[in-house]
Amino acid sequence: MIVARRRNEDCVKVLASAGVDIALVSSAGQSAESIAESVQWTLGFQQAVVDVIRAGKVPQSSNAKMFCPLMFVTQVNEVEALKKLVEHAGINLDGQDAYGYTPAVRAAANGHMEALRVLVFAGANAKMKNKQGDTVRNISELTQNGEKFEAITQEYELQKRLNNSAGVNSLHHATWDGLIDLVRVLMSKGHDVNAPDADGYTPLMLAAKGGHGALCELLISHGARCSLENARHETGLSLSRLNGIGSDVERVILDELARKHVSEGAPVKKHTECGRGTPHVKSLRMVGDAAVLRWGKSSKRNVICKRAEVGPSSSFRWNRRRKFDTDEPGTVHVVTTKNKEIHFVCEGGNEMAPLWVRGIKLVTREAIFCKSERGA
């Protein structure tokens, strides 16, 4: 009390570090803190006590309602000192002052959201009420920090789930539940996106089965393979169709399968002169950012598609009318940017033809978008 009245910061640090009881009051009812305030030395006193806490010491107090170290650093918004205190065993995170405020409720009332985050992650009970019945949640809403508090609680719940997750199944549990934020964290920690669980399901299969389209996109962007199948011959695509044909999940997986198929390429039977010539086998694939469809090295065998459709064109039907193969399964035709029609017959018949058309359209559309983005 004497050194507070004389504004001696060094002496405050020495005494507080030695374990003096900061909550004691004089016969006049004044504490060291209130004396510092009366001589207009509040900031100096606060800084001295904060420095002691930052050095790893916990100031002593026989009356938490008069002086509580945790409440003190929360009130002055000293986050680093707060982090030091919550590490100490025996610290009461939910102690209440004379008005029923806990450190967490006080942090919310003052709008000190980073301090509140430290307290929540340390295990403070955010549901406790002050004497007016206010909780952290409704006070945060009153101070227009409701969204920030929700973000803190969601982050805390996510961290708890992460801490409780172990082994290869953690990523599988997260994908089955559709917990996209947890999946991001687990992938950043090196979890294998293609590892099967005990039943042979990969994370992508589980996300597809659960109908989580955005999660499937995330997994694919991190290397999840759509072509994998388990012992029951189930794939991500077949499992996605359990939720109905044409779902968002099915679209995501079909897009990836189509993109990969046309990029890797496959043998096709190519017709010449729009069906007037003799067909022959070529290796067809999409190449480069310009989305060039290639089946040879010359410029005539490297075209940019304007349109792609399953089945033959009317001119092809006319030219092949006497060959009786106009409706050969797996027929695809493209129209180039120079308005030339080219016909192919895909391996896999009518099952693979739509995949070729989908992939050609998709890669072409993405190339045009990337080009416009670079131009912008």
# chains A, B, ... in the order shown; residues from 1 in each chain; ligands from 1
$ select_by_dssp --residues "range 156-367 of chain A" --states "alpha helix (DSSP H)" --output "ChimeraX atom specification"
/A:156-164,169-177,180-188,203-209,213-221,236-240,248-264,314-319,353-367
$ closest_atom_pairs --of "range 229-293 of chain A" --to "range 305-319 of chain A" --cutoff "7 Å" --atoms "only C-alpha atoms" --output "CSV"
residue,atom,partner,partner_atom,distance
A:Cys274,CA,A:Phe316,CA,5.4
A:Gly275,CA,A:Phe316,CA,5.3
A:Arg276,CA,A:Asn319,CA,5.5
$ closest_residue --among "A:Arg232, A:Gly288, A:Thr74, A:Pro203" --to "Ala367 in chain A" --atoms "only C-alpha atoms"
A:Gly288
$ closest_residue --among "A:Met71, A:His88, A:Gln47, A:Leu116" --to "Pro103 in chain A" --atoms "only C-alpha atoms"
A:Met71
$ closest_residue --among "A:Arg117, A:Lys270, A:Lys129, A:Lys84" --to "Gln154 in chain A" --atoms "only C-alpha atoms"
A:Arg117
$ residues_around --residues "range 40-45 of chain A" --least-positions-apart "2" --cutoff "8 Å" --atoms "only C-alpha atoms" --output "short mmCIF file (atom, residue, chain, number, x, y, z; two decimals) with C-alpha atoms, in the first residue's frame"
data_model
loop_
_atom_site.label_atom_id
_atom_site.label_comp_id
_atom_site.auth_asym_id
_atom_site.auth_seq_id
_atom_site.Cartn_x
_atom_site.Cartn_y
_atom_site.Cartn_z
CA ALA A 4 1.49 2.16 -4.35
CA ARG A 7 4.18 5.17 -7.18
CA GLU A 9 6.84 0.36 -9.71
CA VAL A 12 5.52 -3.28 -6.34
CA GLU A 33 -5.00 -1.13 -6.12
CA ALA A 36 -2.91 3.55 -6.75
CA GLU A 37 -6.15 4.74 -8.36
CA SER A 38 -6.56 7.52 -5.76
CA GLN A 47 1.85 -2.64 -15.48
CA ALA A 48 3.91 -3.65 -12.45
CA VAL A 49 1.53 -6.51 -11.58
#
$ select_by_dssp --residues "range 214-331 of chain A" --states "strand (DSSP E or B)" --output "VMD selection string"
chain A and resid 229 235 266 to 270 280 to 287 292 to 294 302 to 310 331
$ residues_around --residues "His343 in chain A" --least-positions-apart "3" --cutoff "6 Å" --atoms "only C-alpha atoms" --output "PyMOL selection string"
chain A and resi 271+332-333
$ write_last_selection --atoms "C-alpha atoms" --output "PDB file, in the first residue's frame"
ATOM      1  CA  HIS A 271     -13.748 -41.741 -88.487  1.00  0.00           C
ATOM      2  CA  VAL A 332     -19.090 -39.133 -79.976  1.00  0.00           C
ATOM      3  CA  HIS A 333     -18.747 -36.174 -82.292  1.00  0.00           C
TER       4      HIS A 333
END
$ atom_distance --atom1 "CA of Arg241 in chain A" --atom2 "CA of Val183 in chain A"
22.7 Å
$ closest_residue --among "A:Ile35, A:Ala122, A:Leu85, A:Ala23" --to "Ala55 in chain A" --atoms "only C-alpha atoms"
A:Leu85
$ residues_around --residues "Gly56 in chain A" --least-positions-apart "3" --cutoff "12 Å" --atoms "only C-alpha atoms" --output "PyMOL selection string"
chain A and resi 16-17+49-53+59+80-88
$ atom_distance --atom1 "CA of Val3 in chain A" --atom2 "CA of Val76 in chain A"
20.9 Å
$ residues_around --residues "Asp21 in chain A" --least-positions-apart "3" --cutoff "6 Å" --atoms "only C-alpha atoms" --output "list of chain:residue names"
A:Leu24, A:Gln60, A:Ser61
$ write_last_selection --atoms "N, CA and C atoms" --output "PDB file, in the first residue's frame"
ATOM      1  N   LEU A  24      -5.302  -7.472   0.689  1.00  0.00           N
ATOM      2  CA  LEU A  24      -5.460  -6.863   2.012  1.00  0.00           C
ATOM      3  C   LEU A  24      -5.931  -5.412   1.906  1.00  0.00           C
ATOM      4  N   GLN A  60      -0.468 -13.240  -5.007  1.00  0.00           N
ATOM      5  CA  GLN A  60      -1.271 -13.868  -3.966  1.00  0.00           C
ATOM      6  C   GLN A  60      -2.460 -12.994  -3.580  1.00  0.00           C
ATOM      7  N   SER A  61      -3.572 -13.640  -3.251  1.00  0.00           N
ATOM      8  CA  SER A  61      -4.768 -12.920  -2.836  1.00  0.00           C
ATOM      9  C   SER A  61      -5.582 -13.800  -1.899  1.00  0.00           C
TER      10      SER A  61
END
$ atom_distance --atom1 "CA of Met66 in chain A" --atom2 "CA of Leu119 in chain A"
20.6 Å
